[in-house]
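K.L.:
Submitted below is the structure of interest, expressed as C-alpha cells.
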Amino acid sequence: MSNLKTREKLKKLFDTLDADDRLLIVIFPDPDAIASAWALKRLIRYKVQSVDIAALRETKRLDNLAMIRLLRIPILRFEECQIEIYTKLAIVDSQPHHFAELEGLSFDILIDHHPVDREFDAAFQDINPTYGATATILTEYLRAAKIKPSTYLATALFYGIKTDTQNFVLRGIEKDIQAFRYLFNYINQTILRKIETSELSLKNLSYFKKAFNNMEVNLRRHRVFLFLGKVESPDICVILADFLLRIYEISWSIVAGIYEETVVIIFRSDGYRRDAGQLATKAFGEIGKAGGHKEMARAEIPLANLSPFISNLSRSKAKRIKEIKAYVKGRIKEMGL
Ligand SMILES: [Mn+2]
C-alpha cells in the first residue's frame, strides 16, 4: 500500500519538474532499468512537455530485445540524442559516475537501488539498496499516484523485478514481493512467456547443428563434452550447455569455445554429486579465471596462457584449435569426468 512516505517522495519528484520541461531518462538497458524508465515516463508524462528514454548501450540480449519489441517500449540511443534540447536529465537503476560518457552532465532525478559511495547534487534522489529492483520503487510510486499500470507497463515492471531478484532467489524483500503480487493482476502472461523464452536467434541455430554433429557423450559418466571452436559470442556456449543438460541421460554438460583471444568453458551439472565450481577452479583456475557454484561454473583462459601446453600455438589455425580442444578435454578427463 502506498504509505505517506511514498506520497511525500512523489510530491517532491513532481516539484522538481516544470510544465515546460523536456526530460531525458538515461538507462543502462537491462529489464529493471527499461521498466523503471518507462514507469517514470508514465508517472510524469502529463506534468511536463516531453519525456524520452535513452539507452547508454546497444541492447543485445534477446530477452531484452523481445521485451522492448513486444511491449512497444520507446527507447532512443543516447549517442543519437541531442542533449542540448533537454531541460532536465534523469537516471534510473544506475548512477551517473558509472558511465564515462555522462561525465560533466548534471542530473536532476536519480532513482536507484545500487549502493552509493558518494554524494549527488540531484534535486530529487531516491536511492535505496534494500530494494531488490528499481522497478519495485517505481511500482510504489505508481500506486501512490493512483495510476493503474497498463498491461504492457505492468508486464515490463513484473519482468524487471523478476530478473533483478532472479525469481527472488538472489535477493528480494517483502516490498519486492508486494509489488510483484500487485503487478501480477495486470500482466500479460503470454507476452511474458515469449520474452522469457526468447533466448535463441536464427543465427544461433548453426551452432546447434554443430553441437549435434560434434558432441561427445560419455554415457557411463553421464557427461557430454562439446568444443565449438571459434564462436561469435560466449553466450552460445551457455545456451548449449543449458540445453544439453536437459537431456535425461546427461548429468554434466561442458561446452567450450574460443571467443576472441580467450577459451571460454561453461559447466552445467545437476549438482547432485560433484561441485561444478570447484571442478572448474581445480581444472583451470591456475591458468585462467574459473569459478562458480554447485550447478554452474565458468572458466576463461587467455590463449596466451596455453602456450606451455600447446606446441602449435603459432602454427596453422586448424591445428591450433585441435590442440586447444585436446587440452581442455584432457584437463576435464583428469578431473575424472
Ligand atoms: Mn536493478
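Residues are referred to by chain and number: the chain letter is A, B, ... according to the order shown in the C-alpha cells, the number counts from 1 in that chain, and ligands are numbered separately from 1 in the order shown.
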List all protein, DNA and RNA residues that have any atom at most 12 Å from ligand 1, counting only C-alpha atoms and all ligand atoms, and write the list as a ChimeraX atom specification.

P.N.:
/A:27-37,91-95,111-115,127-138,157,159-166,171-172,176

K.L.:
Any chance you can output those residues with N, CA and C atoms as a short mmCIF file (atom, residue, chain, number, x, y, z; two decimals), in the first residue's frame?

P.N.:
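Writing the result to out04.cif gives the following:
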data_model
loop_
_atom_site.label_atom_id
_atom_site.label_comp_id
_atom_site.auth_asym_id
_atom_site.auth_seq_id
_atom_site.Cartn_x
_atom_site.Cartn_y
_atom_site.Cartn_z
N ILE A 27 19.41 5.34 -19.27
CA ILE A 27 19.49 4.00 -18.65
C ILE A 27 20.59 3.15 -19.27
N PHE A 28 21.04 2.19 -18.47
CA PHE A 28 21.79 1.05 -18.99
C PHE A 28 20.72 -0.03 -19.21
N PRO A 29 20.49 -0.41 -20.48
CA PRO A 29 19.23 -1.12 -20.77
C PRO A 29 19.16 -2.59 -20.35
N ASP A 30 18.96 -2.83 -19.06
CA ASP A 30 18.56 -4.18 -18.63
C ASP A 30 17.07 -4.11 -18.26
N PRO A 31 16.42 -5.26 -18.06
CA PRO A 31 14.96 -5.21 -17.86
C PRO A 31 14.50 -4.30 -16.73
N ASP A 32 15.23 -4.29 -15.61
CA ASP A 32 14.82 -3.45 -14.49
C ASP A 32 14.89 -1.97 -14.88
N ALA A 33 15.98 -1.58 -15.54
CA ALA A 33 16.14 -0.18 -15.93
C ALA A 33 15.11 0.23 -16.99
N ILE A 34 14.89 -0.64 -17.96
CA ILE A 34 13.94 -0.33 -19.03
C ILE A 34 12.55 -0.11 -18.43
N ALA A 35 12.13 -1.05 -17.57
CA ALA A 35 10.81 -0.95 -16.95
C ALA A 35 10.70 0.29 -16.06
N SER A 36 11.76 0.56 -15.29
CA SER A 36 11.73 1.70 -14.37
C SER A 36 11.63 3.01 -15.14
N ALA A 37 12.39 3.12 -16.22
CA ALA A 37 12.36 4.35 -17.02
C ALA A 37 10.98 4.55 -17.63
N ILE A 91 18.25 9.69 -14.27
CA ILE A 91 18.88 8.38 -14.46
C ILE A 91 18.21 7.42 -13.48
N VAL A 92 17.87 6.23 -13.97
CA VAL A 92 17.23 5.24 -13.10
C VAL A 92 18.00 3.92 -13.14
N ASP A 93 18.01 3.23 -12.01
CA ASP A 93 18.64 1.92 -11.88
C ASP A 93 20.15 1.96 -12.12
N SER A 94 20.74 3.13 -11.96
CA SER A 94 22.18 3.27 -12.14
C SER A 94 22.57 4.64 -11.62
N GLN A 95 23.86 4.94 -11.63
CA GLN A 95 24.32 6.25 -11.16
C GLN A 95 25.27 6.84 -12.18
N ILE A 111 17.02 7.74 -9.36
CA ILE A 111 16.27 6.71 -8.63
C ILE A 111 16.99 5.38 -8.84
N ASP A 112 17.40 4.74 -7.75
CA ASP A 112 18.25 3.56 -7.91
C ASP A 112 18.19 2.68 -6.67
N HIS A 113 18.64 1.43 -6.86
CA HIS A 113 18.73 0.52 -5.71
C HIS A 113 20.16 -0.04 -5.55
N HIS A 114 21.11 0.54 -6.26
CA HIS A 114 22.51 0.13 -6.06
C HIS A 114 23.12 0.96 -4.92
N PRO A 115 24.07 0.38 -4.21
CA PRO A 115 24.68 1.13 -3.10
C PRO A 115 25.40 2.40 -3.59
N ILE A 127 17.56 6.70 -3.49
CA ILE A 127 18.48 5.57 -3.65
C ILE A 127 18.32 4.67 -2.44
N ASN A 128 17.85 3.47 -2.69
CA ASN A 128 17.58 2.57 -1.57
C ASN A 128 18.04 1.14 -1.87
N PRO A 129 19.24 0.79 -1.39
CA PRO A 129 19.80 -0.54 -1.70
C PRO A 129 19.06 -1.69 -1.01
N THR A 130 18.08 -1.41 -0.18
CA THR A 130 17.33 -2.53 0.42
C THR A 130 16.30 -3.09 -0.57
N TYR A 131 16.09 -2.39 -1.69
CA TYR A 131 15.15 -2.90 -2.68
C TYR A 131 15.86 -3.86 -3.64
N GLY A 132 15.15 -4.93 -4.00
CA GLY A 132 15.71 -5.89 -4.95
C GLY A 132 15.71 -5.37 -6.37
N ALA A 133 14.83 -4.40 -6.66
CA ALA A 133 14.74 -3.87 -8.02
C ALA A 133 14.28 -2.42 -7.97
N THR A 134 14.78 -1.62 -8.92
CA THR A 134 14.29 -0.25 -9.03
C THR A 134 12.82 -0.26 -9.47
N ALA A 135 12.44 -1.28 -10.24
CA ALA A 135 11.05 -1.39 -10.69
C ALA A 135 10.08 -1.45 -9.50
N THR A 136 10.54 -1.98 -8.38
CA THR A 136 9.69 -2.01 -7.18
C THR A 136 9.44 -0.59 -6.67
N ILE A 137 10.50 0.23 -6.66
CA ILE A 137 10.36 1.62 -6.21
C ILE A 137 9.35 2.34 -7.10
N LEU A 138 9.49 2.15 -8.41
CA LEU A 138 8.59 2.82 -9.35
C LEU A 138 7.16 2.29 -9.26
N LEU A 157 7.39 -4.08 -15.71
CA LEU A 157 7.82 -3.95 -14.31
C LEU A 157 7.95 -5.33 -13.65
N TYR A 159 8.60 -8.15 -15.12
CA TYR A 159 9.79 -8.82 -15.64
C TYR A 159 11.07 -8.19 -15.05
N GLY A 160 11.04 -6.88 -14.86
CA GLY A 160 12.19 -6.20 -14.25
C GLY A 160 12.47 -6.72 -12.84
N ILE A 161 11.42 -6.85 -12.05
CA ILE A 161 11.58 -7.36 -10.68
C ILE A 161 12.03 -8.82 -10.71
N LYS A 162 11.42 -9.57 -11.62
CA LYS A 162 11.72 -11.00 -11.72
C LYS A 162 13.20 -11.23 -12.06
N THR A 163 13.73 -10.49 -13.01
CA THR A 163 15.12 -10.71 -13.41
C THR A 163 16.09 -10.17 -12.36
N ASP A 164 15.82 -9.00 -11.79
CA ASP A 164 16.78 -8.43 -10.84
C ASP A 164 16.86 -9.24 -9.55
N THR A 165 15.76 -9.87 -9.18
CA THR A 165 15.79 -10.70 -7.97
C THR A 165 16.05 -12.16 -8.32
N GLN A 166 16.25 -12.43 -9.61
CA GLN A 166 16.36 -13.81 -10.10
C GLN A 166 15.27 -14.68 -9.48
N ARG A 171 17.90 -12.17 -4.40
CA ARG A 171 17.58 -11.22 -3.35
C ARG A 171 16.12 -10.83 -3.52
N GLY A 172 15.62 -10.11 -2.63
CA GLY A 172 14.23 -9.75 -2.72
C GLY A 172 13.72 -9.57 -1.33
N ASP A 176 9.50 -6.03 -2.61
CA ASP A 176 9.54 -6.54 -3.98
C ASP A 176 8.42 -7.55 -4.20
#

K.L.:
As a ChimeraX atom specification, list the residues of range 191-312 of chain A assigned to strand (DSSP E) by DSSP on the backbone atoms of this structure.

P.N.:
/A:216-218,223-230,252-259,262-269,289-292,296-302

K.L.:
Rounded to one decimal, what separation in Å do you get between CA of Ala122 in chain A and CA of Tyr46 in chain A?

P.N.:
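It comes out at 21.7 Å.
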
K.L.:
Pick out the residues sitting within 10 Å of Glu286 in chain A, and hand them over as a list in words; count only C-alpha atoms, and ignore anything fewer than 5 positions along from it in its own chain.

P.N.:
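Selected residues are Thr281, Ile301 and Asn305 of chain A.
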
K.L.:
Residues of the last selection are to be written out with C-alpha atoms, as an mmCIF file, in the first residue's frame.

P.N.:
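again.cif was written with the following content:
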data_model
loop_
_atom_site.group_PDB
_atom_site.id
_atom_site.type_symbol
_atom_site.label_atom_id
_atom_site.label_comp_id
_atom_site.auth_asym_id
_atom_site.auth_seq_id
_atom_site.Cartn_x
_atom_site.Cartn_y
_atom_site.Cartn_z
ATOM 1 C CA THR A 281 38.627 -23.973 -10.376
ATOM 2 C CA ILE A 301 41.628 -18.872 -20.218
ATOM 3 C CA ASN A 305 48.418 -18.771 -21.126
#

K.L.:
Measuring between only C-alpha atoms, which one of A:Ala145, A:Val169, A:Ala299, A:Ile321 shows the shortest distance to Arg42 in chain A?

P.N.:
A:Ala145

K.L.:
With only C-alpha atoms as the counted atoms, please give the residues lying no more than 12 Å from Arg72 in chain A, apart from itself and same-chain residues fewer than 6 positions off, as a list in words.

P.N.:
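The residues satisfying every condition are Ile34, Ala35, Trp38, Asn64, Leu65, Ala66, Thr151, Tyr152, Leu153, Thr155, Ala156 and Ile191 of chain A.
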
K.L.:
So that I can check the secondary structure, give me every residue of range 19-228 of chain A assigned alpha helix (DSSP H) by backbone DSSP, as number ranges by chain.

P.N.:
A: 31-44, 62-70, 134-144, 151-164, 174-184, 189-197, 205-214
